[in-house]
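The next block holds one structure in the form of structure tokens; read it before the comments.
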Amino acid sequence: MSQIQQRTPGQEQEPINYGDVFNVSGPLATRPIAPEDAAMMQTAETTILGKTKGGGPAAVMQSAATVNERAGLVDHHHRDVTDIAGTQGVAVTEFDVPGARIITESVGGQVVGQYTQVTPVSQEVVAEAAVEQSKITIGEALEAAAYSASKKPVDQSDAAAIQAAEVRATGSNVISPGGLAASAQSAASFNANVDRDEVKVKLGEVLRNATTQLPADKAATRQDAEGVASAELRNDPNLETHPGGVAASINTAARINDGMNV
């Protein structure tokens with residue numbers, strides 16, 4: 001938000017772009033934030049949350065769009081809607097886990113915000129969860145990534161993170177042929193030889209049924225999250241983890257599990 005506050009009308013010749021305020025890449029990063037983009041995100045947040053989130057993506061977008069419009073830094077086309085937001089859309093999705101829900105906000109398929117909300121749990125649900133298992137497993141966290149980063153093409157960092165997650169979930173260093181890690185590696189190898197993103201294998205396709213593809217599973221721990229994050233970082237050319245991706249989802253699960261008294 002500091003960049004937005006510093007850019008008052010007449011002080012800057014360039015509009016505030018998505019890349020100025022969000023961790024996004026590609027063409028979206030260079031697109032100015034338009035008023036209609038912010039309105040779309042406000043509608044999406046209200047639909048899922050019942051209101052807009054203070055300090056959330058919609059609020060940030062609205063502040064940036066207001067500066068751009070008042071300074072005359074977006075033309076008529078951009079005031080209608082930014083092309084990527086208009087064609088690929090903005091979205092707010094939720095993934096429920098015991099005692100909480102994970103909210104992911106995206107523009108053009110790229111995550112611009114992710115956070116958790118504690119949800120009320122009835123005594124019956126608490127009792128049932130205590131008998132069974134209330135903590136989020138690694139497989140469930142991988143399925144959460146299938147929603148939050150569904151359109152991300154699988155690359156080597158994703159494959160490495162998924163392999164690390166499978167090893168930790170199963171307790172075995174042996175990668176099953178045709179299993180989750182093997183499928184992720186095949187997808188990454190295929191994508192490396194394909195230029196067009198629309199034909200690449202996406203993370204959502206690989207992880208959609210993660211829990212059924214793992215031969216064993218376990219609750220995600222802080223150590224698991226660190227190991228998976230390390231694998232994703234080592235294999236990313238920018239030494240970064242993907243927002244809403246494999247490492248981020250397992251880290252979220254581990255944080256929630258740490259707060260559970262079971």
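Every chain in the structure tokens takes a letter, A first, then B, and so on in the order presented; its residues are numbered from 1, and the ligands are numbered from 1 following the presented order.
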Test item: residues at most 6 Å from range 103-105 of chain A, only C-alpha atoms, excluding those fewer than 2 positions along its chain, as an MDAnalysis selection string: chainID A and resid 91:94 111:116 148
From A:Glu36, A:Glu69, A:Asp224, A:Asp217, residue lying nearest Ala253 in chain A [only C-alpha atoms]: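 Closest residue, counting only C-alpha atoms: A:Asp224.
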DSSP strand (DSSP E or B) selection over range 32-258 of chain A, as a PyMOL selection string: chain A and resi 32+90-97+100-107+110-118+137+153+202+219
Which of range 158-233 of chain A fall in helix (DSSP H, G or I), as a ChimeraX atom specification: /A:158-170,180-192,197-199,203-207,210-213,222-233
Go ahead and write the selection's residues with C-alpha atoms as a compact mmCIF listing (two decimals), in the first residue's frame.
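The resulting selection_9.txt:
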```txt
# COMPACT_ATOMS: atom_id res chain seq x y z
CA ASP A 158 6.09 -28.02 -8.38
CA ALA A 159 7.22 -31.58 -9.22
CA ALA A 160 9.99 -31.42 -6.61
CA ALA A 161 7.60 -30.06 -3.96
CA ILE A 162 5.01 -32.76 -4.72
CA GLN A 163 7.67 -35.47 -4.53
CA ALA A 164 8.84 -34.14 -1.16
CA ALA A 165 5.23 -34.09 0.05
CA GLU A 166 4.64 -37.68 -1.09
CA VAL A 167 7.82 -38.87 0.65
CA ARG A 168 6.74 -37.21 3.89
CA ALA A 169 3.15 -38.44 3.63
CA THR A 170 4.13 -42.07 3.01
CA LEU A 180 1.31 -38.51 -7.60
CA ALA A 181 5.01 -37.57 -7.71
CA ALA A 182 5.58 -39.53 -10.92
CA SER A 183 2.61 -37.82 -12.58
CA ALA A 184 3.87 -34.40 -11.49
CA GLN A 185 7.33 -35.10 -12.90
CA SER A 186 5.84 -36.28 -16.21
CA ALA A 187 3.73 -33.13 -16.38
CA ALA A 188 6.75 -30.90 -15.68
CA SER A 189 8.81 -32.65 -18.37
CA PHE A 190 5.99 -32.31 -20.88
CA ASN A 191 5.43 -28.63 -20.09
CA ALA A 192 9.13 -27.82 -20.47
CA ASP A 197 0.42 -22.20 -21.62
CA GLU A 198 -3.07 -23.22 -22.67
CA VAL A 199 -1.92 -26.72 -23.64
CA LEU A 203 -1.47 -28.08 -11.15
CA GLY A 204 -5.19 -28.56 -10.62
CA GLU A 205 -5.20 -31.53 -12.99
CA VAL A 206 -2.35 -33.27 -11.17
CA LEU A 207 -3.47 -32.63 -7.58
CA ALA A 210 -4.28 -36.22 -4.29
CA THR A 211 -5.65 -38.01 -1.23
CA THR A 212 -6.75 -41.03 -3.25
CA GLN A 213 -3.47 -41.19 -5.17
CA ARG A 222 5.81 -27.66 10.47
CA GLN A 223 8.72 -29.96 9.57
CA ASP A 224 6.80 -31.23 6.54
CA ALA A 225 6.08 -27.66 5.44
CA GLU A 226 9.75 -26.71 5.74
CA GLY A 227 10.90 -29.76 3.78
CA VAL A 228 8.41 -29.17 0.95
CA ALA A 229 9.19 -25.44 0.82
CA SER A 230 12.90 -26.21 0.62
CA ALA A 231 12.33 -28.55 -2.34
CA GLU A 232 10.18 -25.98 -4.15
CA LEU A 233 12.68 -23.17 -3.54
```
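Minimum atom-to-atom distance to Asn17 in chain A, evaluated using only C-alpha atoms, belongs to A:Ala29 out of A:Val174, A:Ala144, A:Val97, A:Ala29.
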Distance query Asn68 in chain A at most 9 Å, only C-alpha atoms, self and fewer than 3 positions along chain excluded, as JSON, numbers by chain: {"A": [9, 14, 15, 16, 32, 33, 34, 35, 63, 64, 65, 71, 72, 73, 74]}
A:Asn257, A:Thr241, A:Thr137, A:Asn193 ranked by distance to Ala219 in chain A, top pick (using only C-alpha atoms): A:Thr137
Test item: residues at most 12 Å from Thr46 in chain A, only C-alpha atoms, excluding those fewer than 2 positions along its chain, as a PyMOL selection string: chain A and resi 39-44+48-54+56+58-59+91-93+105
Counting only C-alpha atoms, the residue of A:Gly108, A:Gly139, A:Pro237, A:Pro215 that sits nearest Ile84 in chain A: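 Distance minimum relative to Ile84 in chain A lands on A:Gly108.
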Atom-to-atom span, CA of Tyr147 in chain A and CA of Phe95 in chain A, Å: 7.6 Å
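Take the candidates A:Thr119, A:Thr47, A:Thr66, A:Leu28 and check each one against Thr87 in chain A using only C-alpha atoms; the shortest distance goes to A:Leu28.
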